[in-house]
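Working notes, structure below.
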Amino acid sequence: MQSIDRYMARLIAVPLFSTLIIAAALLVLDRMQRLFQFVAIEGGPVAVVWRMLASLLPEYLGLGIPIGLLLGVLLAFRRLAGSSELDVMRGVGLSYTRLLRVPYLFAIGLALLNFAIVGYVQPKARYRYERLKFELRTGALGASIKVGEFTHLGKRMTLRVEQSHDEGRQLTGIFVQALSSKGDWVGITADRGRFLASPDPDTIVFRLSNGVLIHNRADFPQPRVLTFTSHDLPIDLPKFEAFRQRGEQNLELTLPELRRLGRNKDATREQRDTYRAEWDFRVAEIVSIFLMPLLGIALGVPPKRSSSALGVFLAIVMVVTYHKVNQYGDSLGALGKVDPTLALWGPFALFAALVLWMYRTIAYVPGGQPIGGLERGFAKLGRAIGRWLPGRREATA
């Protein structure tokens, strides 16, 4: 029996982890383009894109884990059924319930992992993502100076750079215009320049080389002109607004925080409903992982003499649809239109009842096939299309 369990574990593990990696990669690639565009528009460093993607990864895994487990179990049993190994196992007395031992070991481990991700890691990662966006918009990340454009450093200084080399460490073709609080006007052109740190954390030094400085003031009879080989120009860093505290959005609260705030009698009913809806949404998503092995078996074993992949397609549609219904229930519960418990656990009860019926049909009903009717319907549709297409081509000819 242990050899069968190890064999089942190998069959499930390969598609499970492959699905997780592929799903995460596709979601990351989809978001990467938009993040690169956003960072380029805001003039931020490219390295921040990888930090933002890392902050989004827990959110992607929260949805990818149930789908990965479902496809792992489904494809494993589909392979066993296609090679008649499932018939042999059933013939020697192994029931579907016994074959669920390994899938449920995966389910327990992944449910604990998803609990840690959704309950603790994802909220804090989401907060880091929002903070990075805020810092990019305000320039607090040290937004790069755009080459060939006028960059305003505060209200009294304007800078233009013709070229940038060595990842912005060496700047050439520099023009600076600055106004002092006393009304002095300073214009500087220089061949080269670079930014240096200073003892004052609120000030940086812009060291210019080989340039001309023009200083003018209302009481000067004519502007003063100075040629220099090296000149240090102090630049005051702008004061940035502090980012908000974590928890002002429900997605940034951990499960214990949501539970505590949902029971807070000092909060308004609308606030309590919002916290309860988010808590119920996350817990329902975690608990639904335990339904994936049952659904995987029900949809993974096709009817005899059938090679249709309808079960794979239907499995993904069912899980994604359930997730979207939960999101809608979360919104209704947060708005107070429906009790959060009913809005989230009602769809879960219906989904669980459907999955249990499908599993009972295939495991305990002789010859039972939960999607047999759909399989036959799609087979008839395929044959009809096959007959129609040749006739259509002949008619056209």
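Convention: chains lettered A, B, ... in structure tokens order; per-chain residue numbering from 1; ligands numbered from 1 as shown.
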- Skipping near chain neighbours, those fewer than 2 positions away, what residues fall within 12 Å of Val225 of chain A using only C-alpha atoms, listed as a ChimeraX atom specification? /A:186-189,211-216,220,222-223,227-228
Using DSSP secondary structure from the backbone, list all strand (DSSP E) positions within segment 12-207 of chain A, as a tab-separated table (two decimals) with all heavy atoms, in the first residue's frame.
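And here is the file that came out, selection_33.tsv:
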chain	number	residue	atom	x	y	z
A	150	PHE	N	13.19	68.92	-18.35
A	150	PHE	CA	13.39	69.77	-17.18
A	150	PHE	C	12.74	69.11	-15.96
A	150	PHE	O	11.56	68.78	-15.97
A	150	PHE	CB	12.78	71.16	-17.42
A	150	PHE	CG	13.55	71.99	-18.42
A	150	PHE	CD1	13.16	72.04	-19.75
A	150	PHE	CD2	14.67	72.69	-18.02
A	150	PHE	CE1	13.87	72.80	-20.67
A	150	PHE	CE2	15.39	73.46	-18.93
A	150	PHE	CZ	14.99	73.51	-20.26
A	151	THR	N	13.56	68.91	-14.94
A	151	THR	CA	13.10	68.28	-13.71
A	151	THR	C	13.09	69.30	-12.60
A	151	THR	O	14.10	69.99	-12.36
A	151	THR	CB	14.02	67.11	-13.31
A	151	THR	OG1	14.06	66.16	-14.38
A	151	THR	CG2	13.51	66.42	-12.06
A	152	HIS	N	11.96	69.44	-11.92
A	152	HIS	CA	11.83	70.41	-10.83
A	152	HIS	C	12.18	69.73	-9.51
A	152	HIS	O	11.54	68.76	-9.11
A	152	HIS	CB	10.41	70.98	-10.79
A	152	HIS	CG	10.02	71.71	-12.04
A	152	HIS	ND1	10.48	72.97	-12.34
A	152	HIS	CD2	9.22	71.34	-13.07
A	152	HIS	CE1	9.99	73.36	-13.51
A	152	HIS	NE2	9.21	72.39	-13.97
A	157	MET	N	14.21	75.13	-7.77
A	157	MET	CA	15.33	74.63	-8.56
A	157	MET	C	14.81	73.79	-9.72
A	157	MET	O	13.88	72.99	-9.57
A	157	MET	CB	16.27	73.79	-7.70
A	157	MET	CG	17.51	73.29	-8.44
A	157	MET	SD	18.69	72.45	-7.36
A	157	MET	CE	19.23	73.83	-6.34
A	158	THR	N	15.44	74.02	-10.88
A	158	THR	CA	15.12	73.28	-12.10
A	158	THR	C	16.42	72.71	-12.65
A	158	THR	O	17.43	73.42	-12.72
A	158	THR	CB	14.44	74.18	-13.14
A	158	THR	OG1	13.25	74.73	-12.57
A	158	THR	CG2	14.07	73.39	-14.38
A	159	LEU	N	16.38	71.46	-13.09
A	159	LEU	CA	17.57	70.77	-13.56
A	159	LEU	C	17.26	70.10	-14.89
A	159	LEU	O	16.19	69.54	-15.09
A	159	LEU	CB	18.01	69.72	-12.54
A	159	LEU	CG	19.13	68.76	-12.93
A	159	LEU	CD1	20.44	69.50	-13.11
A	159	LEU	CD2	19.29	67.66	-11.89
A	160	ARG	N	18.26	70.19	-15.80
A	160	ARG	CA	18.16	69.49	-17.08
A	160	ARG	C	19.48	68.80	-17.37
A	160	ARG	O	20.54	69.39	-17.20
A	160	ARG	CB	17.82	70.45	-18.22
A	160	ARG	CG	17.48	69.75	-19.54
A	160	ARG	CD	17.06	70.77	-20.60
A	160	ARG	NE	16.53	70.12	-21.78
A	160	ARG	CZ	17.26	69.68	-22.81
A	160	ARG	NH1	18.59	69.82	-22.76
A	160	ARG	NH2	16.69	69.10	-23.84
A	161	VAL	N	19.38	67.53	-17.80
A	161	VAL	CA	20.56	66.72	-18.08
A	161	VAL	C	20.46	66.21	-19.51
A	161	VAL	O	19.41	65.68	-19.92
A	161	VAL	CB	20.66	65.53	-17.09
A	161	VAL	CG1	21.84	64.64	-17.46
A	161	VAL	CG2	20.81	66.04	-15.67
A	162	GLU	N	21.55	66.36	-20.27
A	162	GLU	CA	21.56	65.90	-21.65
A	162	GLU	C	21.76	64.39	-21.76
A	162	GLU	O	21.08	63.72	-22.52
A	162	GLU	CB	22.67	66.61	-22.44
A	162	GLU	CG	22.39	68.09	-22.70
A	162	GLU	CD	21.26	68.31	-23.68
A	162	GLU	OE1	20.88	67.35	-24.38
A	162	GLU	OE2	20.71	69.43	-23.72
A	163	GLN	N	22.71	63.84	-20.95
A	163	GLN	CA	23.01	62.42	-21.04
A	163	GLN	C	23.26	61.85	-19.66
A	163	GLN	O	23.70	62.58	-18.75
A	163	GLN	CB	24.24	62.16	-21.94
A	163	GLN	CG	24.03	62.53	-23.40
A	163	GLN	CD	25.28	62.25	-24.23
A	163	GLN	OE1	26.33	61.90	-23.70
A	163	GLN	NE2	25.16	62.39	-25.55
A	164	SER	N	23.00	60.56	-19.52
A	164	SER	CA	23.23	59.86	-18.26
A	164	SER	C	24.01	58.58	-18.54
A	164	SER	O	23.68	57.84	-19.47
A	164	SER	CB	21.89	59.53	-17.59
A	164	SER	OG	22.09	58.75	-16.43
A	165	HIS	N	25.04	58.33	-17.74
A	165	HIS	CA	25.89	57.16	-17.92
A	165	HIS	C	26.07	56.45	-16.59
A	165	HIS	O	25.85	57.02	-15.52
A	165	HIS	CB	27.27	57.57	-18.47
A	165	HIS	CG	27.20	58.37	-19.73
A	165	HIS	ND1	26.97	57.81	-20.98
A	165	HIS	CD2	27.32	59.72	-19.94
A	165	HIS	CE1	26.96	58.76	-21.90
A	165	HIS	NE2	27.17	59.93	-21.29
A	170	GLN	N	26.93	59.14	-13.53
A	170	GLN	CA	27.63	60.19	-14.25
A	170	GLN	C	26.66	60.90	-15.19
A	170	GLN	O	26.06	60.27	-16.05
A	170	GLN	CB	28.81	59.60	-15.04
A	170	GLN	CG	29.89	58.95	-14.18
A	170	GLN	CD	30.64	59.97	-13.32
A	170	GLN	OE1	30.68	61.17	-13.64
A	170	GLN	NE2	31.23	59.50	-12.24
A	171	LEU	N	26.54	62.21	-15.00
A	171	LEU	CA	25.63	63.02	-15.81
A	171	LEU	C	26.44	64.03	-16.61
A	171	LEU	O	27.42	64.59	-16.12
A	171	LEU	CB	24.63	63.75	-14.91
A	171	LEU	CG	23.84	62.87	-13.92
A	171	LEU	CD1	23.00	63.73	-13.00
A	171	LEU	CD2	22.97	61.88	-14.67
A	172	THR	N	26.04	64.27	-17.84
A	172	THR	CA	26.74	65.23	-18.70
A	172	THR	C	25.74	66.19	-19.32
A	172	THR	O	24.55	65.88	-19.44
A	172	THR	CB	27.52	64.51	-19.81
A	172	THR	OG1	26.61	63.74	-20.62
A	172	THR	CG2	28.57	63.57	-19.23
A	173	GLY	N	26.28	67.37	-19.72
A	173	GLY	CA	25.42	68.38	-20.34
A	173	GLY	C	24.39	68.92	-19.37
A	173	GLY	O	23.19	68.78	-19.59
A	174	ILE	N	24.86	69.56	-18.29
A	174	ILE	CA	23.98	69.92	-17.17
A	174	ILE	C	23.63	71.40	-17.20
A	174	ILE	O	24.50	72.26	-17.44
A	174	ILE	CB	24.67	69.57	-15.83
A	174	ILE	CG1	24.93	68.05	-15.76
A	174	ILE	CG2	23.85	70.02	-14.65
A	174	ILE	CD1	25.89	67.65	-14.70
A	175	PHE	N	22.37	71.68	-16.95
A	175	PHE	CA	21.89	73.05	-16.74
A	175	PHE	C	21.08	73.10	-15.46
A	175	PHE	O	20.21	72.26	-15.23
A	175	PHE	CB	21.01	73.50	-17.92
A	175	PHE	CG	20.27	74.78	-17.63
A	175	PHE	CD1	20.91	76.01	-17.69
A	175	PHE	CD2	18.93	74.76	-17.28
A	175	PHE	CE1	20.22	77.18	-17.42
A	175	PHE	CE2	18.24	75.92	-17.00
A	175	PHE	CZ	18.89	77.15	-17.07
A	176	VAL	N	21.40	74.09	-14.60
A	176	VAL	CA	20.70	74.25	-13.32
A	176	VAL	C	20.26	75.70	-13.18
A	176	VAL	O	21.05	76.63	-13.42
A	176	VAL	CB	21.59	73.86	-12.12
A	176	VAL	CG1	20.82	74.02	-10.81
A	176	VAL	CG2	22.09	72.43	-12.25
A	177	GLN	N	19.03	75.89	-12.79
A	177	GLN	CA	18.53	77.23	-12.44
A	177	GLN	C	17.94	77.17	-11.04
A	177	GLN	O	17.14	76.28	-10.75
A	177	GLN	CB	17.46	77.69	-13.43
A	177	GLN	CG	16.84	79.05	-13.07
A	177	GLN	CD	15.70	79.43	-13.98
A	177	GLN	OE1	15.65	78.99	-15.13
A	177	GLN	NE2	14.78	80.23	-13.48
A	178	ALA	N	18.37	78.09	-10.17
A	178	ALA	CA	17.91	78.07	-8.78
A	178	ALA	C	17.58	79.48	-8.33
A	178	ALA	O	18.21	80.46	-8.74
A	178	ALA	CB	18.99	77.47	-7.89
A	179	LEU	N	16.59	79.58	-7.45
A	179	LEU	CA	16.19	80.83	-6.83
A	179	LEU	C	16.33	80.68	-5.32
A	179	LEU	O	15.90	79.67	-4.75
A	179	LEU	CB	14.74	81.18	-7.18
A	179	LEU	CG	14.42	81.45	-8.65
A	179	LEU	CD1	12.92	81.65	-8.85
A	179	LEU	CD2	15.17	82.68	-9.15
A	185	TRP	N	19.17	84.86	-8.07
A	185	TRP	CA	18.97	83.97	-9.21
A	185	TRP	C	20.32	83.40	-9.60
A	185	TRP	O	21.30	84.15	-9.78
A	185	TRP	CB	18.36	84.71	-10.38
A	185	TRP	CG	18.11	83.86	-11.60
A	185	TRP	CD1	17.00	83.17	-11.90
A	185	TRP	CD2	19.03	83.60	-12.68
A	185	TRP	NE1	17.12	82.51	-13.10
A	185	TRP	CE2	18.38	82.76	-13.60
A	185	TRP	CE3	20.35	84.02	-12.95
A	185	TRP	CZ2	18.99	82.32	-14.77
A	185	TRP	CZ3	20.95	83.58	-14.11
A	185	TRP	CH2	20.28	82.73	-15.02
A	186	VAL	N	20.42	82.08	-9.72
A	186	VAL	CA	21.66	81.42	-10.08
A	186	VAL	C	21.40	80.51	-11.26
A	186	VAL	O	20.47	79.68	-11.23
A	186	VAL	CB	22.23	80.61	-8.89
A	186	VAL	CG1	23.49	79.84	-9.31
A	186	VAL	CG2	22.54	81.51	-7.71
A	187	GLY	N	22.22	80.63	-12.27
A	187	GLY	CA	22.17	79.74	-13.42
A	187	GLY	C	23.53	79.08	-13.61
A	187	GLY	O	24.56	79.76	-13.55
A	188	ILE	N	23.53	77.79	-13.82
A	188	ILE	CA	24.78	77.04	-13.92
A	188	ILE	C	24.71	76.12	-15.12
A	188	ILE	O	23.69	75.45	-15.35
A	188	ILE	CB	25.04	76.20	-12.65
A	188	ILE	CG1	25.05	77.08	-11.40
A	188	ILE	CG2	26.35	75.42	-12.77
A	188	ILE	CD1	25.16	76.30	-10.11
A	189	THR	N	25.80	76.09	-15.88
A	189	THR	CA	25.99	75.07	-16.90
A	189	THR	C	27.30	74.34	-16.58
A	189	THR	O	28.27	74.97	-16.15
A	189	THR	CB	26.05	75.67	-18.31
A	189	THR	OG1	27.14	76.60	-18.39
A	189	THR	CG2	24.75	76.38	-18.65
A	190	ALA	N	27.34	73.04	-16.81
A	190	ALA	CA	28.53	72.25	-16.50
A	190	ALA	C	28.62	71.07	-17.46
A	190	ALA	O	27.60	70.60	-17.98
A	190	ALA	CB	28.50	71.76	-15.06
A	191	ASP	N	29.86	70.64	-17.68
A	191	ASP	CA	30.07	69.49	-18.55
A	191	ASP	C	29.62	68.19	-17.90
A	191	ASP	O	29.00	67.34	-18.53
A	191	ASP	CB	31.56	69.38	-18.93
A	191	ASP	CG	32.01	70.52	-19.83
A	191	ASP	OD1	31.14	71.13	-20.48
A	191	ASP	OD2	33.21	70.80	-19.87
A	192	ARG	N	29.97	68.02	-16.60
A	192	ARG	CA	29.68	66.77	-15.91
A	192	ARG	C	29.17	67.05	-14.50
A	192	ARG	O	29.36	68.15	-13.96
A	192	ARG	CB	30.93	65.89	-15.82
A	192	ARG	CG	31.51	65.47	-17.15
A	192	ARG	CD	32.68	64.51	-16.97
A	192	ARG	NE	33.69	65.04	-16.08
A	192	ARG	CZ	34.64	65.90	-16.44
A	192	ARG	NH1	34.70	66.33	-17.69
A	192	ARG	NH2	35.54	66.33	-15.55
A	193	GLY	N	28.56	66.05	-13.91
A	193	GLY	CA	28.09	66.18	-12.54
A	193	GLY	C	27.71	64.83	-11.97
A	193	GLY	O	27.44	63.88	-12.71
A	194	ARG	N	27.68	64.75	-10.66
A	194	ARG	CA	27.25	63.54	-9.98
A	194	ARG	C	26.72	63.90	-8.60
A	194	ARG	O	27.14	64.90	-8.01
A	194	ARG	CB	28.37	62.51	-9.87
A	194	ARG	CG	29.59	63.00	-9.12
A	194	ARG	CD	30.59	61.89	-8.96
A	194	ARG	NE	31.81	62.34	-8.28
A	194	ARG	CZ	32.69	61.52	-7.72
A	194	ARG	NH1	32.50	60.21	-7.77
A	194	ARG	NH2	33.76	61.99	-7.12
A	195	PHE	N	25.81	63.06	-8.09
A	195	PHE	CA	25.21	63.29	-6.78
A	195	PHE	C	26.03	62.55	-5.72
A	195	PHE	O	26.43	61.41	-5.90
A	195	PHE	CB	23.77	62.78	-6.75
A	195	PHE	CG	22.82	63.63	-7.55
A	195	PHE	CD1	22.40	63.22	-8.81
A	195	PHE	CD2	22.36	64.83	-7.05
A	195	PHE	CE1	21.53	64.00	-9.55
A	195	PHE	CE2	21.49	65.62	-7.79
A	195	PHE	CZ	21.08	65.21	-9.04
A	196	LEU	N	26.24	63.26	-4.59
A	196	LEU	CA	26.99	62.70	-3.47
A	196	LEU	C	26.18	62.85	-2.20
A	196	LEU	O	25.39	63.80	-2.06
A	196	LEU	CB	28.34	63.41	-3.30
A	196	LEU	CG	29.29	63.37	-4.51
A	196	LEU	CD1	30.50	64.27	-4.24
A	196	LEU	CD2	29.72	61.95	-4.81
A	197	ALA	N	26.37	61.93	-1.27
A	197	ALA	CA	25.71	62.03	0.03
A	197	ALA	C	26.38	63.12	0.86
A	197	ALA	O	27.54	63.49	0.65
A	197	ALA	CB	25.78	60.69	0.76
A	203	THR	N	19.74	66.62	2.86
A	203	THR	CA	20.44	67.36	1.81
A	203	THR	C	21.39	66.43	1.07
A	203	THR	O	22.03	65.58	1.68
A	203	THR	CB	21.23	68.54	2.41
A	203	THR	OG1	20.36	69.37	3.16
A	203	THR	CG2	21.88	69.37	1.30
A	204	ILE	N	21.46	66.60	-0.25
A	204	ILE	CA	22.47	65.91	-1.04
A	204	ILE	C	23.32	66.96	-1.75
A	204	ILE	O	22.92	68.13	-1.89
A	204	ILE	CB	21.83	64.96	-2.08
A	204	ILE	CG1	20.91	65.73	-3.03
A	204	ILE	CG2	21.10	63.82	-1.41
A	204	ILE	CD1	20.39	64.88	-4.17
A	205	VAL	N	24.51	66.55	-2.18
A	205	VAL	CA	25.44	67.44	-2.85
A	205	VAL	C	25.53	67.07	-4.32
A	205	VAL	O	25.75	65.89	-4.65
A	205	VAL	CB	26.84	67.38	-2.19
A	205	VAL	CG1	27.83	68.22	-2.98
A	205	VAL	CG2	26.76	67.86	-0.75
A	206	PHE	N	25.35	68.05	-5.18
A	206	PHE	CA	25.49	67.86	-6.62
A	206	PHE	C	26.84	68.45	-7.03
A	206	PHE	O	26.99	69.67	-7.10
A	206	PHE	CB	24.34	68.54	-7.35
A	206	PHE	CG	24.21	68.15	-8.80
A	206	PHE	CD1	24.76	66.97	-9.29
A	206	PHE	CD2	23.52	68.96	-9.69
A	206	PHE	CE1	24.63	66.61	-10.61
A	206	PHE	CE2	23.38	68.60	-11.01
A	206	PHE	CZ	23.94	67.42	-11.48
A	207	ARG	N	27.84	67.59	-7.25
A	207	ARG	CA	29.19	68.06	-7.58
A	207	ARG	C	29.30	68.24	-9.10
A	207	ARG	O	29.18	67.29	-9.87
A	207	ARG	CB	30.24	67.08	-7.09
A	207	ARG	CG	31.68	67.46	-7.42
A	207	ARG	CD	32.65	66.72	-6.54
A	207	ARG	NE	32.53	67.14	-5.14
A	207	ARG	CZ	33.19	66.57	-4.13
A	207	ARG	NH1	34.00	65.54	-4.36
A	207	ARG	NH2	33.03	67.01	-2.89
- Excluding same-chain residues fewer than 3 positions from segment 107-120 of chain A, what lies within 9 Å of it counting only C-alpha atoms, as a PyMOL selection string? chain A and resi 58-59+61-62+65-66+69+102-104+123-125+253-256+282-283+286-293
Resulting file, chosen residues, N, CA, C and O atoms, as an mmCIF file, in the first residue's frame:
data_model
loop_
_atom_site.group_PDB
_atom_site.id
_atom_site.type_symbol
_atom_site.label_atom_id
_atom_site.label_comp_id
_atom_site.auth_asym_id
_atom_site.auth_seq_id
_atom_site.Cartn_x
_atom_site.Cartn_y
_atom_site.Cartn_z
ATOM 1 N N PRO A 58 2.278 36.607 -3.142
ATOM 2 C CA PRO A 58 1.376 35.905 -2.211
ATOM 3 C C PRO A 58 -0.086 35.955 -2.634
ATOM 4 O O PRO A 58 -0.831 34.985 -2.443
ATOM 5 N N GLU A 59 -0.502 37.066 -3.225
ATOM 6 C CA GLU A 59 -1.887 37.165 -3.691
ATOM 7 C C GLU A 59 -2.158 36.177 -4.818
ATOM 8 O O GLU A 59 -3.224 35.553 -4.872
ATOM 9 N N LEU A 61 -0.534 33.332 -5.293
ATOM 10 C CA LEU A 61 -0.496 31.980 -4.737
ATOM 11 C C LEU A 61 -1.792 31.645 -4.006
ATOM 12 O O LEU A 61 -2.213 30.488 -3.974
ATOM 13 N N GLY A 62 -2.435 32.653 -3.404
ATOM 14 C CA GLY A 62 -3.688 32.403 -2.702
ATOM 15 C C GLY A 62 -4.749 31.813 -3.608
ATOM 16 O O GLY A 62 -5.560 30.976 -3.184
ATOM 17 N N ILE A 65 -3.082 28.070 -5.415
ATOM 18 C CA ILE A 65 -2.979 26.825 -4.647
ATOM 19 C C ILE A 65 -4.215 25.941 -4.826
ATOM 20 O O ILE A 65 -4.080 24.739 -5.103
ATOM 21 N N PRO A 66 -5.452 26.434 -4.671
ATOM 22 C CA PRO A 66 -6.611 25.544 -4.911
ATOM 23 C C PRO A 66 -6.661 24.990 -6.325
ATOM 24 O O PRO A 66 -6.945 23.803 -6.526
ATOM 25 N N LEU A 69 -3.921 22.270 -6.720
ATOM 26 C CA LEU A 69 -4.306 21.006 -6.088
ATOM 27 C C LEU A 69 -5.376 20.294 -6.911
ATOM 28 O O LEU A 69 -5.311 19.074 -7.121
ATOM 29 N N VAL A 102 -3.711 10.124 -0.059
ATOM 30 C CA VAL A 102 -2.603 10.994 -0.489
ATOM 31 C C VAL A 102 -3.093 12.381 -0.923
ATOM 32 O O VAL A 102 -2.514 13.395 -0.531
ATOM 33 N N PRO A 103 -4.167 12.466 -1.738
ATOM 34 C CA PRO A 103 -4.661 13.817 -2.070
ATOM 35 C C PRO A 103 -4.989 14.659 -0.845
ATOM 36 O O PRO A 103 -4.722 15.869 -0.834
ATOM 37 N N TYR A 104 -5.526 14.017 0.216
ATOM 38 C CA TYR A 104 -5.876 14.819 1.385
ATOM 39 C C TYR A 104 -4.650 15.169 2.222
ATOM 40 O O TYR A 104 -4.671 16.164 2.963
ATOM 41 N N PRO A 123 -1.662 40.059 3.518
ATOM 42 C CA PRO A 123 -2.022 41.424 3.941
ATOM 43 C C PRO A 123 -0.807 42.355 4.058
ATOM 44 O O PRO A 123 -0.858 43.511 3.626
ATOM 45 N N LYS A 124 0.272 41.859 4.631
ATOM 46 C CA LYS A 124 1.459 42.707 4.791
ATOM 47 C C LYS A 124 2.146 42.954 3.456
ATOM 48 O O LYS A 124 2.672 44.043 3.220
ATOM 49 N N ALA A 125 2.130 41.950 2.577
ATOM 50 C CA ALA A 125 2.706 42.144 1.252
ATOM 51 C C ALA A 125 1.892 43.155 0.452
ATOM 52 O O ALA A 125 2.445 43.966 -0.300
ATOM 53 N N LEU A 253 -5.297 43.735 6.451
ATOM 54 C CA LEU A 253 -5.481 43.242 7.817
ATOM 55 C C LEU A 253 -5.308 41.730 7.857
ATOM 56 O O LEU A 253 -5.775 41.009 6.972
ATOM 57 N N THR A 254 -4.642 41.237 8.890
ATOM 58 C CA THR A 254 -4.502 39.792 9.070
ATOM 59 C C THR A 254 -5.815 39.210 9.585
ATOM 60 O O THR A 254 -6.710 39.948 10.022
ATOM 61 N N LEU A 255 -5.916 37.886 9.555
ATOM 62 C CA LEU A 255 -7.150 37.237 10.006
ATOM 63 C C LEU A 255 -7.473 37.536 11.475
ATOM 64 O O LEU A 255 -8.633 37.836 11.787
ATOM 65 N N PRO A 256 -6.511 37.461 12.410
ATOM 66 C CA PRO A 256 -6.846 37.817 13.798
ATOM 67 C C PRO A 256 -7.310 39.259 13.936
ATOM 68 O O PRO A 256 -8.217 39.555 14.728
ATOM 69 N N ARG A 282 -12.016 35.046 3.294
ATOM 70 C CA ARG A 282 -10.716 34.360 3.330
ATOM 71 C C ARG A 282 -10.843 32.953 3.903
ATOM 72 O O ARG A 282 -10.240 32.011 3.373
ATOM 73 N N VAL A 283 -11.625 32.803 4.968
ATOM 74 C CA VAL A 283 -11.762 31.475 5.579
ATOM 75 C C VAL A 283 -12.482 30.520 4.625
ATOM 76 O O VAL A 283 -12.109 29.341 4.508
ATOM 77 N N ILE A 286 -10.065 29.248 2.127
ATOM 78 C CA ILE A 286 -9.149 28.249 2.690
ATOM 79 C C ILE A 286 -9.847 26.907 2.840
ATOM 80 O O ILE A 286 -9.307 25.855 2.461
ATOM 81 N N VAL A 287 -11.060 26.920 3.384
ATOM 82 C CA VAL A 287 -11.783 25.669 3.625
ATOM 83 C C VAL A 287 -12.128 24.977 2.307
ATOM 84 O O VAL A 287 -12.174 23.737 2.235
ATOM 85 N N SER A 288 -12.333 25.754 1.247
ATOM 86 C CA SER A 288 -12.698 25.152 -0.040
ATOM 87 C C SER A 288 -11.593 24.254 -0.594
ATOM 88 O O SER A 288 -11.852 23.428 -1.474
ATOM 89 N N ILE A 289 -10.368 24.407 -0.088
ATOM 90 C CA ILE A 289 -9.276 23.539 -0.546
ATOM 91 C C ILE A 289 -9.594 22.073 -0.267
ATOM 92 O O ILE A 289 -9.223 21.184 -1.045
ATOM 93 N N PHE A 290 -10.306 21.797 0.819
ATOM 94 C CA PHE A 290 -10.613 20.409 1.171
ATOM 95 C C PHE A 290 -11.650 19.787 0.238
ATOM 96 O O PHE A 290 -11.871 18.573 0.285
ATOM 97 N N LEU A 291 -12.292 20.585 -0.594
ATOM 98 C CA LEU A 291 -13.224 20.040 -1.589
ATOM 99 C C LEU A 291 -12.525 19.695 -2.901
ATOM 100 O O LEU A 291 -13.092 18.976 -3.729
ATOM 101 N N MET A 292 -11.306 20.208 -3.098
ATOM 102 C CA MET A 292 -10.630 20.018 -4.378
ATOM 103 C C MET A 292 -10.320 18.558 -4.693
ATOM 104 O O MET A 292 -10.477 18.138 -5.843
ATOM 105 N N PRO A 293 -9.855 17.725 -3.724
ATOM 106 C CA PRO A 293 -9.625 16.308 -4.080
ATOM 107 C C PRO A 293 -10.884 15.601 -4.542
ATOM 108 O O PRO A 293 -10.846 14.793 -5.491
#
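Proximity to segment 87-99 of chain A at 9 Å, evaluated using only C-alpha atoms and with sequence-adjacent residues fewer than 4 positions away removed, yields A:Ile4, A:Asp5, A:Met8, A:Leu80, A:Ala81, A:Ser83, A:Pro103, A:Ile297, A:Ile362, A:Ala363, A:Tyr364.
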Could you write out the selected residues, including N, CA, C and O atoms, as a short mmCIF file (atom, residue, chain, number, x, y, z; two decimals), in the first residue's frame?
data_model
loop_
_atom_site.label_atom_id
_atom_site.label_comp_id
_atom_site.auth_asym_id
_atom_site.auth_seq_id
_atom_site.Cartn_x
_atom_site.Cartn_y
_atom_site.Cartn_z
N ILE A 4 1.87 2.22 -3.45
CA ILE A 4 0.79 2.89 -4.19
C ILE A 4 0.68 4.35 -3.76
O ILE A 4 0.48 5.24 -4.59
N ASP A 5 0.82 4.60 -2.45
CA ASP A 5 0.75 5.98 -1.96
C ASP A 5 1.89 6.82 -2.53
O ASP A 5 1.69 7.99 -2.92
N MET A 8 1.05 7.53 -6.13
CA MET A 8 0.03 8.57 -6.22
C MET A 8 0.63 9.94 -5.93
O MET A 8 0.29 10.93 -6.58
N LEU A 80 -4.48 7.66 -14.45
CA LEU A 80 -4.76 6.30 -13.96
C LEU A 80 -5.92 5.66 -14.72
O LEU A 80 -5.88 4.47 -15.06
N ALA A 81 -6.96 6.46 -14.97
CA ALA A 81 -8.12 5.92 -15.69
C ALA A 81 -7.77 5.63 -17.14
O ALA A 81 -8.21 4.62 -17.71
N SER A 83 -4.92 4.74 -18.44
CA SER A 83 -4.03 3.58 -18.58
C SER A 83 -4.61 2.31 -17.94
O SER A 83 -3.90 1.30 -17.83
N PRO A 103 -4.17 12.47 -1.74
CA PRO A 103 -4.66 13.82 -2.07
C PRO A 103 -4.99 14.66 -0.85
O PRO A 103 -4.72 15.87 -0.83
N ILE A 297 -11.36 14.02 -8.40
CA ILE A 297 -11.72 12.64 -8.77
C ILE A 297 -12.98 12.61 -9.62
O ILE A 297 -13.06 11.91 -10.63
N ILE A 362 -19.78 9.14 -8.62
CA ILE A 362 -18.73 8.36 -9.25
C ILE A 362 -18.19 7.27 -8.34
O ILE A 362 -17.70 6.23 -8.80
N ALA A 363 -18.28 7.47 -7.00
CA ALA A 363 -17.66 6.52 -6.06
C ALA A 363 -18.62 5.43 -5.61
O ALA A 363 -18.18 4.31 -5.34
N TYR A 364 -19.91 5.73 -5.52
CA TYR A 364 -20.84 4.78 -4.90
C TYR A 364 -21.99 4.36 -5.80
O TYR A 364 -22.73 3.43 -5.46
#
Report the closest atom pair, with its distance in Å rounded to one decimal, for each residue of segment 53-79 of chain A that has an atom no farther than 10 Å from segment 316-336 of chain A; count only C-alpha atoms, sort by chain and then rising residue number, and write it as a tab-separated table.
residue	atom	partner	partner_atom	distance
A:Leu63	CA	A:His323	CA	8.5
A:Pro66	CA	A:Val319	CA	8.2
A:Ile67	CA	A:Ile316	CA	7.2
A:Leu70	CA	A:Ile316	CA	8.5
A:Leu71	CA	A:Ile316	CA	8.3
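The closest residue to Arg128 of chain A, picked from A:Ser230, A:Gln245, A:Ser198, A:Thr268 and counting only C-alpha atoms, is A:Gln245.
Atom CA of Glu278 of chain A lies 26.2 Å from atom CA of Leu294 of chain A.
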